[in-house]
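So this block is coords_4.txt, compact mmCIF, C-alpha atoms:
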# COMPACT_ATOMS: atom_id res chain seq x y z
CA MET A 547 11.76 2.18 -6.29
CA LYS A 548 10.31 0.41 -9.32
CA GLN A 549 6.73 -0.68 -9.76
CA VAL A 550 5.83 -3.79 -7.76
CA LEU A 551 3.42 -5.86 -9.84
CA PHE A 552 1.99 -7.62 -6.79
CA THR A 553 2.76 -8.53 -3.20
CA GLY A 554 1.79 -11.92 -1.77
CA SER A 555 0.41 -14.92 -3.61
CA GLY A 556 0.53 -15.10 -7.38
CA ALA A 557 -1.18 -18.21 -8.74
CA ALA A 558 0.56 -19.89 -11.69
CA LEU A 559 -2.70 -21.06 -13.24
CA VAL A 560 -3.24 -24.38 -14.93
CA THR A 561 -4.97 -24.28 -18.31
CA PRO A 562 -8.12 -26.40 -17.91
CA MET A 563 -8.81 -28.60 -20.90
CA HIS A 564 -11.62 -30.70 -22.28
CA ARG A 565 -11.06 -34.41 -22.81
CA ASP A 566 -10.28 -33.72 -26.46
CA GLY A 567 -7.44 -31.41 -25.40
CA SER A 568 -9.09 -28.10 -26.29
CA ILE A 569 -9.07 -25.30 -23.72
CA ASN A 570 -12.02 -25.34 -21.32
CA PHE A 571 -12.72 -21.64 -21.01
CA SER A 572 -15.69 -22.15 -18.73
CA ALA A 573 -13.46 -23.95 -16.24
CA LEU A 574 -10.76 -21.30 -16.63
CA LYS A 575 -13.27 -18.62 -15.64
CA GLN A 576 -14.31 -20.71 -12.64
CA LEU A 577 -10.67 -21.11 -11.62
CA LEU A 578 -9.99 -17.40 -11.95
CA ASP A 579 -13.05 -16.50 -9.89
CA VAL A 580 -12.13 -18.99 -7.16
CA GLN A 581 -8.61 -17.59 -6.99
CA ILE A 582 -9.76 -14.00 -6.68
CA GLU A 583 -12.51 -14.82 -4.18
CA ASN A 584 -9.96 -16.62 -2.00
CA GLY A 585 -7.49 -13.76 -1.86
CA THR A 586 -4.94 -14.54 -4.56
CA ASN A 587 -3.05 -11.31 -5.26
CA ALA A 588 -2.21 -11.91 -8.95
CA VAL A 589 -2.76 -14.53 -11.62
CA ILE A 590 -0.15 -15.79 -14.05
CA ILE A 591 -1.60 -17.17 -17.27
CA CYS A 592 0.17 -19.35 -19.84
CA GLY A 593 3.31 -20.06 -17.87
CA THR A 594 4.89 -23.47 -17.34
CA THR A 595 1.98 -24.58 -15.18
CA GLY A 596 -0.39 -23.42 -17.93
CA GLU A 597 1.29 -25.75 -20.47
CA ALA A 598 2.42 -22.86 -22.62
CA PRO A 599 4.86 -25.04 -24.62
CA THR A 600 1.95 -26.99 -26.15
CA LEU A 601 -0.39 -24.07 -26.80
CA SER A 602 -0.52 -22.59 -30.27
CA ASP A 603 0.03 -18.84 -30.45
CA GLU A 604 -3.68 -18.39 -31.14
CA GLU A 605 -4.68 -20.47 -28.09
CA HIS A 606 -2.08 -18.75 -25.95
CA LEU A 607 -3.29 -15.27 -26.81
CA GLU A 608 -6.95 -16.24 -26.54
CA ALA A 609 -6.27 -17.49 -23.00
CA VAL A 610 -4.45 -14.25 -22.10
CA GLY A 611 -7.28 -12.09 -23.42
CA PHE A 612 -9.87 -14.25 -21.68
CA ALA A 613 -8.04 -14.01 -18.35
CA VAL A 614 -7.79 -10.22 -18.65
CA GLU A 615 -11.51 -10.00 -19.38
CA CYS A 616 -12.47 -12.32 -16.50
CA ALA A 617 -10.16 -10.67 -13.99
CA ALA A 618 -11.71 -7.30 -14.85
CA HIS A 619 -8.97 -5.38 -13.01
CA ARG A 620 -9.65 -7.19 -9.73
CA VAL A 621 -6.08 -8.50 -9.69
CA PRO A 622 -3.09 -8.08 -12.03
CA VAL A 623 -2.91 -10.53 -14.93
CA ILE A 624 0.65 -11.50 -15.82
CA ALA A 625 1.09 -13.23 -19.16
CA GLY A 626 3.76 -15.80 -19.87
CA THR A 627 5.35 -14.76 -23.17
CA GLY A 628 8.80 -16.35 -23.02
CA SER A 629 10.47 -18.13 -25.90
CA ASN A 630 13.89 -19.35 -26.93
CA ASP A 631 13.43 -17.15 -30.01
CA THR A 632 13.78 -13.50 -29.00
CA ARG A 633 11.73 -12.30 -31.97
CA HIS A 634 8.87 -14.64 -31.05
CA ALA A 635 8.97 -13.50 -27.41
CA ILE A 636 8.80 -9.88 -28.57
CA ALA A 637 5.81 -10.59 -30.81
CA MET A 638 3.93 -12.47 -28.08
CA SER A 639 4.75 -9.80 -25.50
CA ARG A 640 3.46 -7.00 -27.72
CA ARG A 641 0.24 -8.89 -28.36
CA ALA A 642 -0.22 -9.60 -24.65
CA ARG A 643 0.14 -5.89 -23.98
CA ALA A 644 -2.50 -5.13 -26.63
CA LEU A 645 -4.83 -7.61 -24.92
CA GLY A 646 -4.52 -5.73 -21.63
CA ALA A 647 -2.03 -7.81 -19.64
CA ASP A 648 -0.58 -5.96 -16.65
CA GLY A 649 2.84 -7.57 -16.87
CA LEU A 650 4.92 -10.27 -18.51
CA LEU A 651 6.62 -13.43 -17.26
CA VAL A 652 9.55 -14.23 -19.54
CA VAL A 653 11.56 -17.41 -19.07
CA THR A 654 15.21 -17.82 -19.98
CA PRO A 655 15.85 -19.29 -23.44
CA TYR A 656 15.66 -23.08 -23.35
CA TYR A 657 17.29 -25.79 -25.50
CA ASN A 658 19.47 -23.45 -27.56
CA LYS A 659 20.32 -21.66 -24.26
CA THR A 660 22.73 -18.69 -24.24
CA SER A 661 25.51 -16.96 -22.32
CA GLN A 662 25.02 -14.39 -19.57
CA THR A 663 25.63 -11.70 -22.19
CA GLY A 664 23.00 -13.32 -24.37
CA LEU A 665 20.53 -13.32 -21.46
CA LEU A 666 21.09 -9.62 -20.92
CA ARG A 667 20.57 -8.84 -24.59
CA HIS A 668 17.54 -11.17 -24.87
CA PHE A 669 15.62 -9.73 -21.92
CA THR A 670 16.61 -6.16 -22.78
CA ALA A 671 15.33 -6.52 -26.35
CA ILE A 672 11.98 -7.87 -25.12
CA ALA A 673 11.58 -5.18 -22.47
CA ASP A 674 12.46 -2.44 -24.94
CA ALA A 675 9.94 -3.68 -27.49
CA ALA A 676 7.06 -4.78 -25.26
CA GLY A 677 6.69 -1.74 -23.03
CA LEU A 678 5.26 -3.67 -20.07
CA PRO A 679 6.72 -4.48 -16.64
CA MET A 680 8.58 -7.77 -16.90
CA ILE A 681 9.31 -10.60 -14.49
CA VAL A 682 12.30 -12.62 -15.67
CA TYR A 683 11.94 -16.31 -14.88
CA ASN A 684 14.92 -18.39 -13.80
CA VAL A 685 14.28 -22.15 -13.78
CA PRO A 686 17.53 -23.86 -14.82
CA ALA A 687 16.21 -27.37 -14.13
CA ARG A 688 13.86 -26.89 -17.10
CA THR A 689 15.84 -24.60 -19.36
CA GLY A 690 19.46 -25.59 -18.84
CA VAL A 691 20.56 -21.99 -18.27
CA ASN A 692 20.91 -20.06 -15.01
CA ILE A 693 20.78 -16.30 -14.37
CA GLU A 694 23.78 -15.28 -12.27
CA PRO A 695 23.40 -12.61 -9.55
CA GLU A 696 25.61 -10.19 -11.48
CA THR A 697 23.38 -10.61 -14.53
CA TYR A 698 20.34 -9.86 -12.40
CA LEU A 699 22.10 -6.66 -11.34
CA ALA A 700 22.63 -5.62 -14.96
CA LEU A 701 19.02 -6.50 -15.83
CA SER A 702 17.71 -4.52 -12.85
CA ARG A 703 19.00 -1.33 -14.42
CA HIS A 704 16.31 -1.54 -17.10
CA PRO A 705 13.23 0.44 -16.00
CA LEU A 706 10.78 -2.27 -17.17
CA ILE A 707 12.63 -5.32 -15.84
CA VAL A 708 11.05 -5.08 -12.43
CA ALA A 709 11.18 -8.56 -10.89
CA ALA A 710 12.51 -12.10 -10.97
CA LYS A 711 10.76 -15.40 -10.42
CA GLU A 712 13.64 -17.28 -8.87
CA ALA A 713 13.18 -21.04 -9.15
CA SER A 714 16.77 -22.25 -9.11
CA GLY A 715 16.45 -23.45 -5.51
CA ASP A 716 19.81 -21.83 -4.78
CA ILE A 717 19.09 -19.73 -1.70
CA ALA A 718 22.69 -18.52 -1.43
CA ALA A 719 22.55 -17.15 -4.98
CA ALA A 720 19.17 -15.55 -4.25
CA ALA A 721 20.70 -13.86 -1.20
CA ARG A 722 23.51 -12.45 -3.33
CA THR A 723 20.96 -11.22 -5.89
CA ALA A 724 18.97 -9.50 -3.14
CA ALA A 725 22.13 -7.88 -1.79
CA LEU A 726 23.23 -6.65 -5.21
CA CYS A 727 19.88 -5.43 -6.54
CA GLY A 728 18.00 -4.16 -3.51
CA ASP A 729 14.80 -2.34 -4.44
CA ALA A 730 15.74 -2.28 -8.14
CA LEU A 731 14.50 -5.87 -8.56
CA THR A 732 11.56 -7.47 -6.77
CA LEU A 733 12.10 -11.15 -6.01
CA TYR A 734 9.39 -13.81 -6.02
CA SER A 735 9.85 -17.38 -4.92
CA GLY A 736 9.37 -19.70 -7.87
CA ASN A 737 9.26 -22.76 -5.63
CA ASP A 738 6.46 -23.49 -3.19
CA ASP A 739 8.87 -25.21 -0.81
CA CYS A 740 11.02 -22.07 -0.52
CA ILE A 741 8.44 -19.36 0.15
CA VAL A 742 9.52 -18.50 3.70
CA PRO A 743 13.26 -18.65 2.93
CA MET A 744 12.74 -16.31 -0.02
CA LEU A 745 10.52 -13.95 2.01
CA SER A 746 13.28 -13.81 4.61
CA LEU A 747 15.59 -12.46 1.88
CA GLY A 748 13.12 -9.70 1.05
CA ALA A 749 11.01 -11.40 -1.63
CA LYS A 750 7.58 -9.86 -2.13
CA GLY A 751 5.76 -13.15 -2.52
CA VAL A 752 5.52 -16.32 -4.57
CA ILE A 753 4.41 -17.47 -8.00
CA SER A 754 2.76 -20.64 -6.83
CA VAL A 755 1.56 -23.98 -8.19
CA LEU A 756 0.07 -24.89 -4.80
CA ALA A 757 -2.21 -21.84 -5.02
CA ASN A 758 -4.26 -23.60 -7.70
CA LEU A 759 -5.31 -26.08 -5.04
CA ALA A 760 -5.04 -24.06 -1.81
CA PRO A 761 -5.25 -20.35 -2.70
CA ARG A 762 -6.33 -19.22 0.75
CA ALA A 763 -3.45 -21.04 2.43
CA VAL A 764 -0.76 -19.53 0.20
CA ARG A 765 -2.21 -16.07 0.75
CA ALA A 766 -2.33 -16.70 4.51
CA LEU A 767 1.31 -17.83 4.56
CA CYS A 768 2.40 -14.61 2.86
CA ASP A 769 0.12 -12.42 4.96
CA ALA A 770 1.42 -13.92 8.20
CA TYR A 771 5.01 -13.24 7.21
CA PHE A 772 4.33 -9.65 6.19
CA ALA A 773 2.40 -9.07 9.43
CA GLY A 774 5.47 -10.13 11.40
CA ASP A 775 4.12 -13.54 12.44
CA VAL A 776 7.04 -15.53 11.11
CA ARG A 777 6.19 -18.48 13.35
CA GLU A 778 2.75 -18.87 11.73
CA SER A 779 4.18 -18.40 8.26
CA LEU A 780 6.74 -21.11 8.95
CA ARG A 781 4.07 -23.38 10.40
CA LEU A 782 2.08 -23.14 7.18
CA GLN A 783 5.18 -23.68 5.06
CA LEU A 784 6.06 -26.87 6.94
CA PHE A 785 2.45 -28.07 7.17
CA TYR A 786 2.04 -27.96 3.39
CA LEU A 787 5.52 -29.25 2.58
CA PRO A 788 4.48 -32.93 2.13
CA LEU A 789 1.67 -31.84 -0.23
CA ILE A 790 4.09 -29.61 -2.12
CA ARG A 791 6.42 -32.58 -2.55
CA ALA A 792 3.52 -34.66 -3.86
CA LEU A 793 2.62 -31.88 -6.31
CA PHE A 794 6.10 -32.24 -7.78
CA SER A 795 6.35 -36.03 -7.63
CA ASP A 796 5.75 -36.06 -11.38
CA VAL A 797 6.36 -33.48 -14.09
CA SER A 798 4.41 -30.33 -13.27
CA PRO A 799 1.59 -29.56 -14.01
CA VAL A 800 0.53 -33.23 -14.15
CA PRO A 801 0.11 -33.60 -10.36
CA VAL A 802 -1.72 -30.31 -9.77
CA LYS A 803 -4.18 -30.98 -12.60
CA THR A 804 -4.67 -34.47 -11.19
CA ALA A 805 -5.27 -33.01 -7.72
CA LEU A 806 -7.81 -30.52 -9.04
CA GLU A 807 -9.64 -33.33 -10.81
CA MET A 808 -9.70 -35.27 -7.53
CA THR A 809 -11.55 -32.38 -5.89
CA GLY A 810 -14.13 -32.37 -8.68
CA PHE A 811 -12.76 -29.38 -10.57
CA PRO A 812 -12.60 -30.07 -14.34
CA ALA A 813 -8.92 -29.34 -14.90
CA GLY A 814 -8.84 -31.99 -17.60
CA PRO A 815 -5.81 -33.81 -18.98
CA CYS A 816 -2.38 -32.49 -19.86
CA ARG A 817 -1.33 -32.47 -23.48
CA LEU A 818 1.34 -34.82 -24.73
CA PRO A 819 4.19 -35.30 -24.13
CA LEU A 820 2.95 -35.11 -20.52
CA ALA A 821 1.40 -38.38 -19.42
CA PRO A 822 -0.98 -39.31 -16.56
CA MET A 823 0.40 -40.02 -13.09
CA ALA A 824 1.14 -43.58 -12.01
CA GLU A 825 -1.41 -45.01 -9.58
CA ASP A 826 0.97 -45.14 -6.62
CA LYS A 827 1.76 -41.45 -7.04
CA ARG A 828 -1.95 -40.63 -7.40
CA ARG A 829 -2.69 -42.39 -4.13
CA ALA A 830 0.16 -40.63 -2.34
CA LEU A 831 -1.08 -37.29 -3.67
CA ALA A 832 -4.61 -38.01 -2.49
CA GLU A 833 -3.30 -38.92 0.97
CA GLN A 834 -1.46 -35.62 1.28
CA MET A 835 -4.48 -33.67 0.08
CA THR A 836 -6.61 -35.35 2.72
CA ALA A 837 -3.99 -34.64 5.39
CA CYS A 838 -4.20 -30.95 4.48
CA GLY A 839 -7.99 -30.92 4.68
CA ILE A 840 -8.56 -30.77 0.91
CA PRO A 841 -11.57 -32.96 0.07
CA VAL A 842 -10.92 -35.81 -2.35
CA ARG A 843 -13.82 -37.54 -4.14
CA LYS A 844 -13.81 -41.25 -3.27
CA GLU A 845 -14.31 -42.27 -6.88
CA ALA A 846 -11.24 -40.20 -7.91
CA VAL A 847 -8.70 -42.38 -6.11

Could you write out this structure as structure tokens?
Amino acid sequence: MKQVLFTGSGAALVTPMHRDGSINFSALKQLLDVQIENGTNAVIICGTTGEAPTLSDEEHLEAVGFAVECAAHRVPVIAGTGSNDTRHAIAMSRRARALGADGLLVVTPYYNKTSQTGLLRHFTAIADAAGLPMIVYNVPARTGVNIEPETYLALSRHPLIVAAKEASGDIAAAARTAALCGDALTLYSGNDDCIVPMLSLGAKGVISVLANLAPRAVRALCDAYFAGDVRESLRLQLFYLPLIRALFSDVSPVPVKTALEMTGFPAGPCRLPLAPMAEDKRRALAEQMTACGIPVRKEAV
């Protein structure tokens, strides 16, 4: 069986920013500490939720190195290093390894896209060059390309392609992937509304947006399932479902950064082209946070 990078809740961290749009490293440290203190099993830095598309390479790598330093081996740090340019992904992956990242999260090529053969060659080239355990990231709603189960099987034969963040929402395809790959490929839910269904197919956990806001709850959901208390795991999944929907009522990570701000945490704004939430969506988000027992500052609504 291949290395399992983590089991349970992996938080897809936001990148806190100052009002001028620069990275707020003090807030990032605070966020990392809160995650670890509340049981998060791994942190993912500079992924989609971390606004990687609008970070310069220098900012991106500074954030990775900072997260590694702050985590101090308490939990694995997984660095987003994907690109639609294979050479760029290789360069970023090598530098993340040099900075001490424990693993890589590499998204499928976006915009220019590719074939299934191209996906196999793309991920294989990165894994060969980077020398770190890799999680391939399938999110066709954002990238326009989908990893087929048979392609997952071919990828799973590479010793460093160890896992998949599956965010297609296609549970039937995920089931086929699990059947084909078995222990050769660890699955993680890439959608907070599908954690229990994915765990039921043998997934080892989730890479979660919700965990930014409710780290203890996401950890508890996973722990309950692994302890055999499926009823409690399902209860938590359904309890948080309205909040999860609110966290994706606008382009992520706009809602989760807005929610963190509402609690008093200085997540800051998103960079353009992401725009602030409409007031009706903000109010609905605040209502769901309150319903889940997450305090909302009165002046934030």

Exercise for the section: Using only C-alpha atoms, collect all residues at a distance of at most 12 Å from (22.9, -8.8, -21.3) as written in the file, then present them as a VMD selection string. Expected result: chain A and resid 654 660 to 673 693 to 694 696 to 704

Practice task
Please provide as a PyMOL selection string all residues within 12 Å of Val842 in chain A, with the sequence filter that same-chain residues fewer than 5 positions apart are discarded (counting all atoms listed in the file).
Solution key: chain A and resi 759+804-811+828-829+831-837+847

Fill in the blank from the handout: Using only C-alpha atoms, the shortest atom-to-atom distance to Thr586 in chain A among A:Gly567, A:Gly814, A:Gly774, A:Gly554 belongs to A:Gly554

Problem - Å distance separating CA of Met744 in chain A from CA of Gly593 in chain A, one decimal place - result: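 One can read the CA of Met744 in chain A to CA of Gly593 in chain A distance as 20.5 Å.
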
Practice task
Please provide as a list in words all residues within 9 Å of Phe612 in chain A, with the sequence filter that same-chain residues fewer than 5 positions apart are discarded (counting only C-alpha atoms).
Solution key: Phe571, Leu574, Lys575, Leu607, Ala617 and Leu645 of chain A

Just write the chosen residues, C-alpha atoms, as an mmCIF file, in the coordinates of the input.
data_model
loop_
_atom_site.group_PDB
_atom_site.id
_atom_site.type_symbol
_atom_site.label_atom_id
_atom_site.label_comp_id
_atom_site.auth_asym_id
_atom_site.auth_seq_id
_atom_site.Cartn_x
_atom_site.Cartn_y
_atom_site.Cartn_z
ATOM 1 C CA PHE A 571 -12.720 -21.640 -21.010
ATOM 2 C CA LEU A 574 -10.760 -21.300 -16.630
ATOM 3 C CA LYS A 575 -13.270 -18.620 -15.640
ATOM 4 C CA LEU A 607 -3.290 -15.270 -26.810
ATOM 5 C CA ALA A 617 -10.160 -10.670 -13.990
ATOM 6 C CA LEU A 645 -4.830 -7.610 -24.920
#

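Rounded to one decimal, CA of Val560 in chain A and CA of Leu651 in chain A lie 14.9 Å from each other.
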
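For the choices A:Asn587, A:Thr627, A:Thr723, A:Ser754, the atom-to-atom distance to Thr553 in chain A is smallest for A:Asn587 when using all atoms listed in the file.
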
Problem - Non-local contacts of Asp738 in chain A (10 Å; only C-alpha atoms; under 6 positions in same chain excluded) as a ChimeraX atom specification - result: /A:713,752-757,764,783,786-787,790-791,793-794

Exercise for the section: Go through A:Val614, A:Ala763, A:Ile582, A:Ile717 one by one, measure the shortest atom-to-atom distance of each to Glu778 in chain A using all atoms listed in the file, and give the residue with the smallest value. Expected result: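 Closest to Glu778 in chain A of all the choices is A:Ala763.
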
Handout entry: Long-range neighbours of range 687-691 of chain A as a list in words, 12 Å cut-off, all atoms listed in the file, 5 positions minimum in chain
Key =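 Final neighbour list, sorted by chain and number: Thr594, Pro599, Gly628, Ser629, Asn630, Val653, Thr654, Pro655, Tyr656, Tyr657, Asn658, Lys659, Thr660, Ser661, Gln662, Gly664, Leu665, Glu712, Ala713, Ser714, Gly715, Asp716, Asn737, Val797 and Ser798 of chain A.
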
Contacts of Thr732 in chain A at 9 Å or less, counting all atoms listed in the file, minus same-chain residues fewer than 4 places along, as a PDB file with C-alpha atoms, in the frame of the given file?
ATOM      1  CA  LYS A 548      10.310   0.410  -9.320  1.00  0.00           C
ATOM      2  CA  GLN A 549       6.730  -0.680  -9.760  1.00  0.00           C
ATOM      3  CA  VAL A 550       5.830  -3.790  -7.760  1.00  0.00           C
ATOM      4  CA  LEU A 551       3.420  -5.860  -9.840  1.00  0.00           C
ATOM      5  CA  ILE A 681       9.310 -10.600 -14.490  1.00  0.00           C
ATOM      6  CA  VAL A 708      11.050  -5.080 -12.430  1.00  0.00           C
ATOM      7  CA  ALA A 709      11.180  -8.560 -10.890  1.00  0.00           C
ATOM      8  CA  ALA A 710      12.510 -12.100 -10.970  1.00  0.00           C
ATOM      9  CA  LYS A 711      10.760 -15.400 -10.420  1.00  0.00           C
ATOM     10  CA  ALA A 724      18.970  -9.500  -3.140  1.00  0.00           C
ATOM     11  CA  CYS A 727      19.880  -5.430  -6.540  1.00  0.00           C
ATOM     12  CA  GLY A 728      18.000  -4.160  -3.510  1.00  0.00           C
ATOM     13  CA  GLY A 748      13.120  -9.700   1.050  1.00  0.00           C
ATOM     14  CA  ALA A 749      11.010 -11.400  -1.630  1.00  0.00           C
ATOM     15  CA  LYS A 750       7.580  -9.860  -2.130  1.00  0.00           C
TER      16      LYS A 750
END

Practice task
Report the distance between CA of Ala821 in chain A and CA of Gly736 in chain A in Å, rounded to one decimal place.
Solution key: 23.4 Å

Could you list, with a cut-off of 9 Å and counting only C-alpha atoms, the residues of range 707-768 of chain A near range 576-581 of chain A, each shown with its nearest atom pair and the distance in Å rounded to one decimal, rows sorted by chain and ascending number, as a Markdown table?
| residue | atom | partner | partner_atom | distance |
| --- | --- | --- | --- | --- |
| A:Ala757 | CA | A:Gln581 | CA | 7.9 |
| A:Asn758 | CA | A:Gln581 | CA | 7.5 |
| A:Pro761 | CA | A:Gln581 | CA | 6.1 |
| A:Arg762 | CA | A:Gln581 | CA | 8.2 |

Grab the residues selected above and save them as a PDB file, keeping the file's coordinate frame with C-alpha atoms.
ATOM      1  CA  ALA A 757      -2.210 -21.840  -5.020  1.00  0.00           C
ATOM      2  CA  ASN A 758      -4.260 -23.600  -7.700  1.00  0.00           C
ATOM      3  CA  PRO A 761      -5.250 -20.350  -2.700  1.00  0.00           C
ATOM      4  CA  ARG A 762      -6.330 -19.220   0.750  1.00  0.00           C
TER       5      ARG A 762
END

Problem - Among listed residues A:Ser779, A:Ser735, A:Thr561, A:Ser572, nearest Ile591 in chain A (using all atoms listed in the file) - result: A:Thr561

Where atoms are missing, can you supply all heavy atoms for range 623-631 of chain A and output the lot as a compact mmCIF listing (two decimals), keeping the file's coordinate frame?
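See selection05.txt below for the written result:
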# COMPACT_ATOMS: atom_id res chain seq x y z
N VAL A 623 -3.06 -9.35 -14.08
CA VAL A 623 -2.91 -10.53 -14.93
C VAL A 623 -1.53 -10.45 -15.58
O VAL A 623 -1.23 -9.49 -16.30
CB VAL A 623 -4.00 -10.61 -16.00
CG1 VAL A 623 -3.74 -11.78 -16.95
CG2 VAL A 623 -5.37 -10.74 -15.37
N ILE A 624 -0.72 -11.45 -15.29
CA ILE A 624 0.65 -11.50 -15.82
C ILE A 624 0.71 -12.62 -16.84
O ILE A 624 0.37 -13.77 -16.54
CB ILE A 624 1.65 -11.73 -14.67
CG1 ILE A 624 1.58 -10.55 -13.70
CG2 ILE A 624 3.07 -11.89 -15.21
CD1 ILE A 624 2.20 -10.82 -12.35
N ALA A 625 1.11 -12.28 -18.05
CA ALA A 625 1.09 -13.23 -19.16
C ALA A 625 2.47 -13.82 -19.40
O ALA A 625 3.45 -13.08 -19.53
CB ALA A 625 0.60 -12.53 -20.43
N GLY A 626 2.54 -15.14 -19.45
CA GLY A 626 3.76 -15.80 -19.87
C GLY A 626 3.96 -15.60 -21.37
O GLY A 626 3.08 -15.94 -22.16
N THR A 627 5.09 -15.02 -21.75
CA THR A 627 5.35 -14.76 -23.17
C THR A 627 6.77 -15.13 -23.55
O THR A 627 7.29 -14.67 -24.57
CB THR A 627 5.11 -13.27 -23.51
OG1 THR A 627 5.93 -12.45 -22.65
CG2 THR A 627 3.65 -12.89 -23.34
N GLY A 628 7.41 -15.98 -22.76
CA GLY A 628 8.80 -16.35 -23.02
C GLY A 628 8.95 -17.27 -24.20
O GLY A 628 8.02 -17.97 -24.61
N SER A 629 10.14 -17.27 -24.77
CA SER A 629 10.47 -18.13 -25.90
C SER A 629 11.98 -18.24 -25.98
O SER A 629 12.71 -17.39 -25.46
CB SER A 629 9.91 -17.54 -27.20
OG SER A 629 10.34 -18.28 -28.33
N ASN A 630 12.46 -19.28 -26.66
CA ASN A 630 13.89 -19.35 -26.93
C ASN A 630 14.25 -18.65 -28.24
O ASN A 630 15.39 -18.68 -28.68
CB ASN A 630 14.40 -20.80 -26.94
CG ASN A 630 13.73 -21.65 -28.00
OD1 ASN A 630 12.71 -21.27 -28.58
ND2 ASN A 630 14.28 -22.82 -28.25
N ASP A 631 13.25 -17.99 -28.84
CA ASP A 631 13.43 -17.15 -30.01
C ASP A 631 13.06 -15.73 -29.59
O ASP A 631 11.89 -15.44 -29.32
CB ASP A 631 12.52 -17.65 -31.14
CG ASP A 631 12.52 -16.76 -32.37
OD1 ASP A 631 13.20 -15.71 -32.36
OD2 ASP A 631 11.82 -17.09 -33.34
